[in-house]
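The next block holds one structure in the form of structure tokens; read it before the comments.
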Amino acid sequence: MHKAMTVTMAVILAAATAGLAVGGKHREKVPDPQTDFQAYTAYRLRQHLPNIELVNQDGKKLRFYNDLVRGKIVVIQFMFTKCDQLCPMVTPNLVKVQRQLQEQAPGEVKIVSISVDPDHDTPKALKAYAAKFHVGPGWQFLTGRKSEIERLRRELGVFDPENTTFEHMNVVTIGKEPTGQWFCMRALNRADVIAYNVLRLTNHTTGSSGGEPASSAGQVRLTAGK
């Protein structure tokens, strides 16, 4: 799989027809795509992201869009605590990513890990998992209703109905919600490569360890599920 996958117009068009409200009753003014296409893209993606309820490792209820994504730069990963294949490799790699991000852009990037096995992954199990891998502050591990988590995976384009457990465990979805910039990368890329590409969404690329920019990596089509 390529190092980075860029969200294409297919996601934006799907968002335009989905009509998924994430901001309550207040309707946001639609930007003019002819005069500010980036603002228009960000608006359409906001309408696309489900605002499902999740529970973190501390037992706190959070909304996916309102609490975890809105106004933030995020790295989103799907995992489960009983995974004995990819997750034991991916999580330590993301711990390295988090440390590099904290060094160069402290507090600016949030990591969000969502369980695909919510029947087993209680807040207690997620808290133990986070402690096992010594994750840093600002990293949320979350569980919720299985049907809603599957819906979220579909909307983010990381769901395979033929392989609902292991597929996309090696993918992280990276986004800057205010500007509508979203892309995916292999979670087992070198930590410095992932960190570099995340830092490109901030103002802190100076001093990075030389990872390849997402824009110069091979790109493939990423579409939203239906």
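Here's how to read the names in the structure tokens: chain A, B, ... by the order shown, residue numbers from 1 in each chain, ligand numbers from 1 in the order shown.
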Would you list, as an NGL selection string, the residues of region 129-202 of chain A that end up in alpha helix (DSSP H) under DSSP run on this structure's backbone?
-> :A and (129-132 or 146-155 or 191-199)
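The list of residues with at least one atom within 12 Å of His120 (chain A), based on only C-alpha atoms and without residues fewer than 5 positions apart in the same chain, reads Phe80, Thr81, Lys82, Cys83, Ser115, Ala125, Leu126, Leu142, Thr143, Gly144, Arg145 and Lys146 of chain A.
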Now that the selection is made, can you save its residues with C-alpha atoms as a JSON list (two decimals), in the first residue's frame?
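Saved the output as part27.json:
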[["chain", "number", "residue", "atom", "x", "y", "z"],
["A", 80, "PHE", "CA", -8.95, -3.50, 19.23],
["A", 81, "THR", "CA", -7.20, -4.57, 22.41],
["A", 82, "LYS", "CA", -7.23, -8.33, 21.70],
["A", 83, "CYS", "CA", -5.54, -7.84, 18.33],
["A", 115, "SER", "CA", -12.13, 0.07, 18.94],
["A", 125, "ALA", "CA", -9.91, -2.58, 28.89],
["A", 126, "LEU", "CA", -8.94, 0.48, 26.84],
["A", 142, "LEU", "CA", -12.75, 5.01, 22.57],
["A", 143, "THR", "CA", -15.55, 2.49, 22.38],
["A", 144, "GLY", "CA", -19.20, 2.75, 21.40],
["A", 145, "ARG", "CA", -21.99, 1.02, 19.54],
["A", 146, "LYS", "CA", -20.67, -1.41, 16.95]]
Got a sec to tell me which of region 97-147 of chain A DSSP assigns to strand (DSSP E or B), as a list in words?
-> Val109, Lys110, Ile111, Val112, Ser113, Ile114, Ser115, Trp139, Gln140, Phe141, Leu142, Thr143 and Gly144 of chain A
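Of the listed residues A:Ala128, A:Ala187, A:Leu49, A:Val97, the one whose atoms come nearest to Arg70 (chain A) is A:Leu49, with distances taken using only C-alpha atoms.
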Name the residues in contact with Val30 (chain A) at a cut-off of 12 Å, using only C-alpha atoms, excluding same-chain residues fewer than 4 positions from it; report them as JSON, numbers by chain.
-> {"A": [16, 34, 35, 36, 37, 38, 39, 40, 41, 42, 43, 44, 45, 46, 47]}
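Nearest to Lys72 (chain A) of all the residues A:Ser113, A:Thr91, A:Gln57, A:Thr179 is A:Thr179, based on only C-alpha atoms.
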What's the 12 Å shell around Ile76 (chain A), counting only C-alpha atoms, without same-chain residues fewer than 2 positions away, as a PyMOL selection string?
-> chain A and resi 64+68-69+72-74+78-79+91+94+109-115+139-142+152-153+156+158+168-176+182-187+198
Next, dump the selected residues to file, keeping only C-alpha atoms, as a PDB file, in the first residue's frame.
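Contents of the output file part01.pdb:
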ATOM      1  CA  PHE A  64     -16.927  12.158  17.422  1.00  0.00           C
ATOM      2  CA  LEU A  68     -12.805  14.882  18.972  1.00  0.00           C
ATOM      3  CA  VAL A  69     -12.510  16.450  15.530  1.00  0.00           C
ATOM      4  CA  LYS A  72      -8.507  20.111  15.612  1.00  0.00           C
ATOM      5  CA  ILE A  73      -5.700  18.310  13.841  1.00  0.00           C
ATOM      6  CA  VAL A  74      -6.259  14.597  14.421  1.00  0.00           C
ATOM      7  CA  PHE A  78      -9.094   1.865  14.358  1.00  0.00           C
ATOM      8  CA  MET A  79      -7.908  -0.947  16.630  1.00  0.00           C
ATOM      9  CA  THR A  91       0.439   1.229  18.627  1.00  0.00           C
ATOM     10  CA  LEU A  94       2.173   5.695  16.954  1.00  0.00           C
ATOM     11  CA  VAL A 109      -2.285  17.188  17.419  1.00  0.00           C
ATOM     12  CA  LYS A 110      -4.693  14.701  18.993  1.00  0.00           C
ATOM     13  CA  ILE A 111      -4.579  10.943  18.450  1.00  0.00           C
ATOM     14  CA  VAL A 112      -7.893   9.096  18.418  1.00  0.00           C
ATOM     15  CA  SER A 113      -7.987   5.285  18.599  1.00  0.00           C
ATOM     16  CA  ILE A 114     -11.420   3.712  18.176  1.00  0.00           C
ATOM     17  CA  SER A 115     -12.132   0.066  18.936  1.00  0.00           C
ATOM     18  CA  TRP A 139      -4.539  10.322  23.143  1.00  0.00           C
ATOM     19  CA  GLN A 140      -8.130   9.119  23.359  1.00  0.00           C
ATOM     20  CA  PHE A 141      -9.043   5.417  23.260  1.00  0.00           C
ATOM     21  CA  LEU A 142     -12.748   5.010  22.570  1.00  0.00           C
ATOM     22  CA  LEU A 152     -17.999   5.917  10.965  1.00  0.00           C
ATOM     23  CA  ARG A 153     -15.491   3.639   9.252  1.00  0.00           C
ATOM     24  CA  LEU A 156     -14.031   7.726   6.537  1.00  0.00           C
ATOM     25  CA  VAL A 158     -11.773   2.624   5.892  1.00  0.00           C
ATOM     26  CA  HIS A 168      -7.449  -1.083   7.733  1.00  0.00           C
ATOM     27  CA  MET A 169      -5.759  -1.771  11.071  1.00  0.00           C
ATOM     28  CA  ASN A 170      -2.661  -0.590   9.187  1.00  0.00           C
ATOM     29  CA  VAL A 171      -4.199   2.738   8.165  1.00  0.00           C
ATOM     30  CA  VAL A 172      -4.324   6.057   9.975  1.00  0.00           C
ATOM     31  CA  THR A 173      -6.619   8.847   8.841  1.00  0.00           C
ATOM     32  CA  ILE A 174      -5.085  12.284   9.313  1.00  0.00           C
ATOM     33  CA  GLY A 175      -7.018  15.504   9.102  1.00  0.00           C
ATOM     34  CA  LYS A 176      -7.150  19.199   9.868  1.00  0.00           C
ATOM     35  CA  TRP A 182      -7.658  14.895   5.019  1.00  0.00           C
ATOM     36  CA  PHE A 183      -5.488  11.986   3.905  1.00  0.00           C
ATOM     37  CA  CYS A 184      -4.533   8.469   4.960  1.00  0.00           C
ATOM     38  CA  MET A 185      -1.183   6.778   5.532  1.00  0.00           C
ATOM     39  CA  ARG A 186       0.068   3.322   6.389  1.00  0.00           C
ATOM     40  CA  ALA A 187       0.264   3.107  10.166  1.00  0.00           C
ATOM     41  CA  VAL A 198       1.126  15.469  10.195  1.00  0.00           C
TER      42      VAL A 198
END
